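Peer 1: Once you've had a glance at the structure underneath, I'll fire off some questions.
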Amino acid sequence: ERLCAEAPARAAFWSATLRDPALADWLAPLRPTRLHVGSEFCERLLPEPEQLERTLAEASAAGLEVCLLTPVASPEVLRALDALFALLPAGAEVVVNDWGVALRLRERHPLLQAVAGRILCRMLKDPRLGNPQYAPPAAHGFASPWQQRLFARVGITRVEMDLPLFADADSFSGVPLPLGVHLPFAFVAKGRMCRTAGLARPGPERFAPQPFCHHECLGLAARTARERAGTQDAWETVHVGNTVFCRHSAASLAVLAAAVASGRVARLIVPGEAL
């Protein structure tokens, strides 16, 4: 009864956040179970220890577990992550997008659960493709023996992936561990140079790999025009900070819904703020 009472409020929230009423209606009956914090794409968006402590307390009060997102890591970032890992309760999940972070987690924080992030899942995700006949199969690679041995070596317990551009029934098969899928946005590309943080910088400083960052990306996003000379992009793209995302089609989301119904997908990960 409580879930039914909360569903309309969730539908309104998801509709405003995702700008897709049909998707919002599908998500509304599903009650959130955990809060993802941190960043998969930028080390400058990791929380400070004090911020993480507050988030853990607030999430616990709301009945949510916390999952820490981590990016590709330099030695300095690894040291910062150690301080954050020490604050997480036993059994908490950490999404790793760097094999070094996964090994660090296993060696120094064995009570935490490592989740393979979507940056480690290599798939073709070029939004300029308009026809599936020009795209190779959306293979996640998780079923290969060498990949499974690597998962076991570094203690991976779950995996996450983006919804493929041309998803079909086989896109979610053969995954040896519980699978989480991100929707409705997939990351296309990322880099160390941040377009948003460089807007106020002069000349060559605008393209510095470590710009002066004031978290401008939290309030700014650039939507890429789908019309280009001689062609039209099949998917809407959004540039946020150092990362480009694309939005999936209704057809791809329908394939995902079928995979969820069949039990091939264990978790959905949805952005809690509008991109």
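For the structure tokens, the naming scheme is as follows: chains receive sequential letters (A, B, ...) according to their order of presentation, residues are indexed from 1 within each chain, and ligands are indexed from 1 in presentation order.
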May I have all residues of region 53-221 of chain A that DSSP, computed from the backbone, assigns to strand (DSSP E), given as a ChimeraX atom specification?
Peer 2: /A:65-69,93-96,113-116,156-162,179-182,185-190
Peer 1: For the residues selected in the previous step, produce a file with C-alpha atoms as a short mmCIF file (atom, residue, chain, number, x, y, z; two decimals), in the first residue's frame.
Peer 2:
```cif
data_model
loop_
_atom_site.label_atom_id
_atom_site.label_comp_id
_atom_site.auth_asym_id
_atom_site.auth_seq_id
_atom_site.Cartn_x
_atom_site.Cartn_y
_atom_site.Cartn_z
CA GLU A 65 22.34 1.98 1.11
CA VAL A 66 25.24 3.97 -0.33
CA CYS A 67 27.37 2.98 -3.31
CA LEU A 68 30.54 4.99 -3.94
CA LEU A 69 31.39 5.77 -7.58
CA GLU A 93 29.58 -1.34 -2.71
CA VAL A 94 32.26 0.59 -4.58
CA VAL A 95 31.97 1.00 -8.35
CA VAL A 96 35.48 0.77 -9.81
CA GLN A 113 32.28 -5.09 -2.41
CA ALA A 114 33.82 -4.12 -5.74
CA VAL A 115 31.49 -3.52 -8.70
CA ALA A 116 32.90 -3.30 -12.24
CA ILE A 156 34.44 -8.15 -8.47
CA THR A 157 30.98 -9.14 -7.18
CA ARG A 158 28.68 -7.26 -9.60
CA VAL A 159 28.98 -5.54 -12.98
CA GLU A 160 27.43 -2.45 -14.54
CA MET A 161 27.01 -1.49 -18.18
CA ASP A 162 25.31 1.08 -20.36
CA LEU A 179 24.05 -6.98 -13.72
CA GLY A 180 23.14 -3.32 -13.31
CA VAL A 181 22.20 -1.21 -16.35
CA HIS A 182 22.35 2.58 -16.65
CA PHE A 185 21.87 8.02 -20.76
CA ALA A 186 25.06 6.23 -21.80
CA PHE A 187 28.50 7.75 -21.73
CA VAL A 188 30.05 8.12 -25.18
CA ALA A 189 33.50 9.46 -24.34
CA LYS A 190 35.41 11.13 -21.54
#
```
Peer 1: Just want the 8 Å neighbourhood of Ile119 (chain A), counted on only C-alpha atoms, with same-chain residues fewer than 2 positions away dropped. Output as a PyMOL selection string.
Peer 2: chain A and resi 40+97+117+121-122+161
Peer 1: So, with only C-alpha atoms as the atoms that count, which of A:Ala12, A:Ala73, A:Val244, A:Val265 lies closest to Gly174 (chain A)?
Peer 2: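 The shortest atom-to-atom distance to Gly174 (chain A) comes from A:Val265.
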Peer 1: Find the residues near Ala258 (chain A): any atom within 10 Å, counting only C-alpha atoms, skip ones fewer than 5 places away on the same chain, and give them as a VMD selection string.
Peer 2: chain A and resid 168 to 169 253 263 to 265
Peer 1: Taking the backbone alone, and naming residues the way the document does, which bits of region 3-244 of chain A are alpha helix (DSSP H) by DSSP, as a PyMOL selection string?
Peer 2: chain A and resi 3-18+21-27+49-61+75-85+99-108+145-154
Peer 1: Give me the residues near region 22-34 of chain A as an mmCIF file with N, CA, C and O atoms, in the first residue's frame, where near means some atom within 7 Å (using only C-alpha atoms) and where sequence neighbours in that chain fewer than 3 positions away do not count.
Peer 2:
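Saved file result_12.cif follows:
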```cif
data_model
loop_
_atom_site.group_PDB
_atom_site.id
_atom_site.type_symbol
_atom_site.label_atom_id
_atom_site.label_comp_id
_atom_site.auth_asym_id
_atom_site.auth_seq_id
_atom_site.Cartn_x
_atom_site.Cartn_y
_atom_site.Cartn_z
ATOM 1 N N LEU A 3 3.882 1.503 -1.184
ATOM 2 C CA LEU A 3 4.499 1.654 -2.497
ATOM 3 C C LEU A 3 3.523 2.270 -3.485
ATOM 4 O O LEU A 3 3.886 3.115 -4.297
ATOM 5 N N ALA A 7 4.040 5.883 -5.537
ATOM 6 C CA ALA A 7 4.284 5.799 -6.972
ATOM 7 C C ALA A 7 3.954 7.084 -7.726
ATOM 8 O O ALA A 7 4.750 7.501 -8.587
ATOM 9 N N PRO A 8 2.824 7.757 -7.471
ATOM 10 C CA PRO A 8 2.558 9.003 -8.214
ATOM 11 C C PRO A 8 3.622 10.074 -7.988
ATOM 12 O O PRO A 8 3.991 10.789 -8.930
ATOM 13 N N ARG A 10 6.757 9.515 -7.262
ATOM 14 C CA ARG A 10 7.951 9.105 -7.987
ATOM 15 C C ARG A 10 7.781 9.331 -9.492
ATOM 16 O O ARG A 10 8.722 9.724 -10.175
ATOM 17 N N ALA A 11 6.586 9.063 -10.009
ATOM 18 C CA ALA A 11 6.340 9.296 -11.435
ATOM 19 C C ALA A 11 6.543 10.764 -11.789
ATOM 20 O O ALA A 11 7.143 11.087 -12.819
ATOM 21 N N TRP A 14 10.411 11.473 -11.658
ATOM 22 C CA TRP A 14 11.163 10.932 -12.787
ATOM 23 C C TRP A 14 10.795 11.639 -14.080
ATOM 24 O O TRP A 14 11.646 11.831 -14.949
ATOM 25 N N SER A 15 9.536 12.033 -14.220
ATOM 26 C CA SER A 15 9.129 12.741 -15.434
ATOM 27 C C SER A 15 9.848 14.074 -15.549
ATOM 28 O O SER A 15 10.323 14.453 -16.629
ATOM 29 N N LEU A 64 18.222 3.928 2.731
ATOM 30 C CA LEU A 64 18.977 3.648 1.507
ATOM 31 C C LEU A 64 20.399 3.219 1.835
ATOM 32 O O LEU A 64 21.016 3.738 2.770
ATOM 33 N N GLU A 65 20.926 2.294 1.048
ATOM 34 C CA GLU A 65 22.339 1.977 1.112
ATOM 35 C C GLU A 65 23.104 2.932 0.207
ATOM 36 O O GLU A 65 22.516 3.544 -0.689
ATOM 37 N N VAL A 66 24.401 3.058 0.448
ATOM 38 C CA VAL A 66 25.237 3.974 -0.333
ATOM 39 C C VAL A 66 26.239 3.176 -1.146
ATOM 40 O O VAL A 66 26.869 2.235 -0.644
ATOM 41 N N CYS A 67 26.375 3.553 -2.414
ATOM 42 C CA CYS A 67 27.373 2.977 -3.307
ATOM 43 C C CYS A 67 28.285 4.105 -3.761
ATOM 44 O O CYS A 67 27.808 5.131 -4.249
#
```
Peer 1: Between A:Leu45, A:Lys125, A:Gly91, A:Ala259, which one has atoms that come closest to His214 (chain A), using only C-alpha atoms?
Peer 2: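 Result for the nearest residue to His214 (chain A): A:Leu45.
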Peer 1: Point out the residue among A:Ala251, A:Leu18, A:Ala92, A:Leu103 with the least atom-to-atom distance to Pro164 (chain A), counting only C-alpha atoms.
Peer 2: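 For Pro164 (chain A), the nearest of the candidates is A:Ala251.
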Peer 1: So that I can check the surroundings of region 74-87 of chain A, please list as a list in words every protein, DNA and RNA residue that reaches within 8 Å of it, counting only C-alpha atoms and ignoring chain neighbours fewer than 5 positions away.
Peer 2: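 So, after excluding close chain neighbours, the residues are Glu43, Glu48, Pro49, Leu52, Glu53, Val101 and His109 of chain A.
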Peer 1: Write a file of the selected residues as a PDB file, in the first residue's frame, keeping N, CA and C atoms.
Peer 2:
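Final output, result34.pdb:
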```pdb
ATOM      1  N   GLU A  43      37.697  13.000 -11.139  1.00  0.00           N
ATOM      2  CA  GLU A  43      38.216  12.912  -9.776  1.00  0.00           C
ATOM      3  C   GLU A  43      37.865  14.132  -8.939  1.00  0.00           C
ATOM      4  N   GLU A  48      34.332  14.994  -0.322  1.00  0.00           N
ATOM      5  CA  GLU A  48      35.272  15.083   0.790  1.00  0.00           C
ATOM      6  C   GLU A  48      34.815  14.119   1.885  1.00  0.00           C
ATOM      7  N   PRO A  49      35.724  13.676   2.758  1.00  0.00           N
ATOM      8  CA  PRO A  49      35.314  12.747   3.814  1.00  0.00           C
ATOM      9  C   PRO A  49      34.124  13.244   4.637  1.00  0.00           C
ATOM     10  N   LEU A  52      30.941  12.727   2.669  1.00  0.00           N
ATOM     11  CA  LEU A  52      30.543  11.329   2.613  1.00  0.00           C
ATOM     12  C   LEU A  52      29.925  10.891   3.932  1.00  0.00           C
ATOM     13  N   GLU A  53      30.478  11.354   5.044  1.00  0.00           N
ATOM     14  CA  GLU A  53      29.902  10.998   6.354  1.00  0.00           C
ATOM     15  C   GLU A  53      28.475  11.507   6.469  1.00  0.00           C
ATOM     16  N   VAL A 101      42.249   0.457  -8.845  1.00  0.00           N
ATOM     17  CA  VAL A 101      41.344   0.737  -7.723  1.00  0.00           C
ATOM     18  C   VAL A 101      40.745  -0.565  -7.209  1.00  0.00           C
ATOM     19  N   HIS A 109      40.902  -3.039   1.713  1.00  0.00           N
ATOM     20  CA  HIS A 109      39.538  -2.887   2.244  1.00  0.00           C
ATOM     21  C   HIS A 109      38.704  -4.099   1.835  1.00  0.00           C
TER      22      HIS A 109
END
```
Peer 1: Skipping near chain neighbours, those fewer than 4 positions away, what residues fall within 12 Å of Pro145 (chain A) using only C-alpha atoms, listed as a PDB file with N, CA and C atoms, in the first residue's frame?
Peer 2:
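New file out_28.pdb:
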```
ATOM      1  N   GLY A 141      31.437  -8.469 -23.372  1.00  0.00           N
ATOM      2  CA  GLY A 141      32.725  -9.094 -23.089  1.00  0.00           C
ATOM      3  C   GLY A 141      32.846  -9.733 -21.724  1.00  0.00           C
ATOM      4  N   ARG A 149      38.258 -14.586 -15.029  1.00  0.00           N
ATOM      5  CA  ARG A 149      39.412 -14.805 -14.151  1.00  0.00           C
ATOM      6  C   ARG A 149      39.875 -13.505 -13.523  1.00  0.00           C
ATOM      7  N   LEU A 150      39.844 -12.429 -14.309  1.00  0.00           N
ATOM      8  CA  LEU A 150      40.234 -11.124 -13.777  1.00  0.00           C
ATOM      9  C   LEU A 150      39.252 -10.664 -12.705  1.00  0.00           C
ATOM     10  N   PHE A 151      37.948 -10.848 -12.945  1.00  0.00           N
ATOM     11  CA  PHE A 151      36.952 -10.499 -11.939  1.00  0.00           C
ATOM     12  C   PHE A 151      37.241 -11.224 -10.623  1.00  0.00           C
ATOM     13  N   ALA A 152      37.532 -12.525 -10.724  1.00  0.00           N
ATOM     14  CA  ALA A 152      37.786 -13.320  -9.514  1.00  0.00           C
ATOM     15  C   ALA A 152      39.055 -12.849  -8.809  1.00  0.00           C
ATOM     16  N   GLY A 174      24.671 -13.998 -20.847  1.00  0.00           N
ATOM     17  CA  GLY A 174      26.037 -14.449 -20.621  1.00  0.00           C
ATOM     18  C   GLY A 174      26.808 -13.678 -19.581  1.00  0.00           C
ATOM     19  N   VAL A 175      26.155 -12.773 -18.844  1.00  0.00           N
ATOM     20  CA  VAL A 175      26.851 -12.027 -17.789  1.00  0.00           C
ATOM     21  C   VAL A 175      26.966 -12.923 -16.559  1.00  0.00           C
ATOM     22  N   PRO A 176      28.185 -13.207 -16.064  1.00  0.00           N
ATOM     23  CA  PRO A 176      28.353 -14.191 -14.997  1.00  0.00           C
ATOM     24  C   PRO A 176      28.034 -13.673 -13.602  1.00  0.00           C
TER      25      PRO A 176
END
```
Peer 1: Taking 5 positions as the minimum chain separation for residues in the same chain, which residues sit within 9 Å of Arg44 (chain A) when counting only C-alpha atoms? Answer as a list in words.
Peer 2: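 Once the nearby chain positions are removed, what remains is Ser39, Cys213 and His215 of chain A.
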Peer 1: Could you check which of A:Ile269, A:Cys194, A:Leu120, A:Pro127 is closest to His140 (chain A), using only C-alpha atoms?
Peer 2: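 Of the candidates, the smallest distance to His140 (chain A) is held by A:Leu120.
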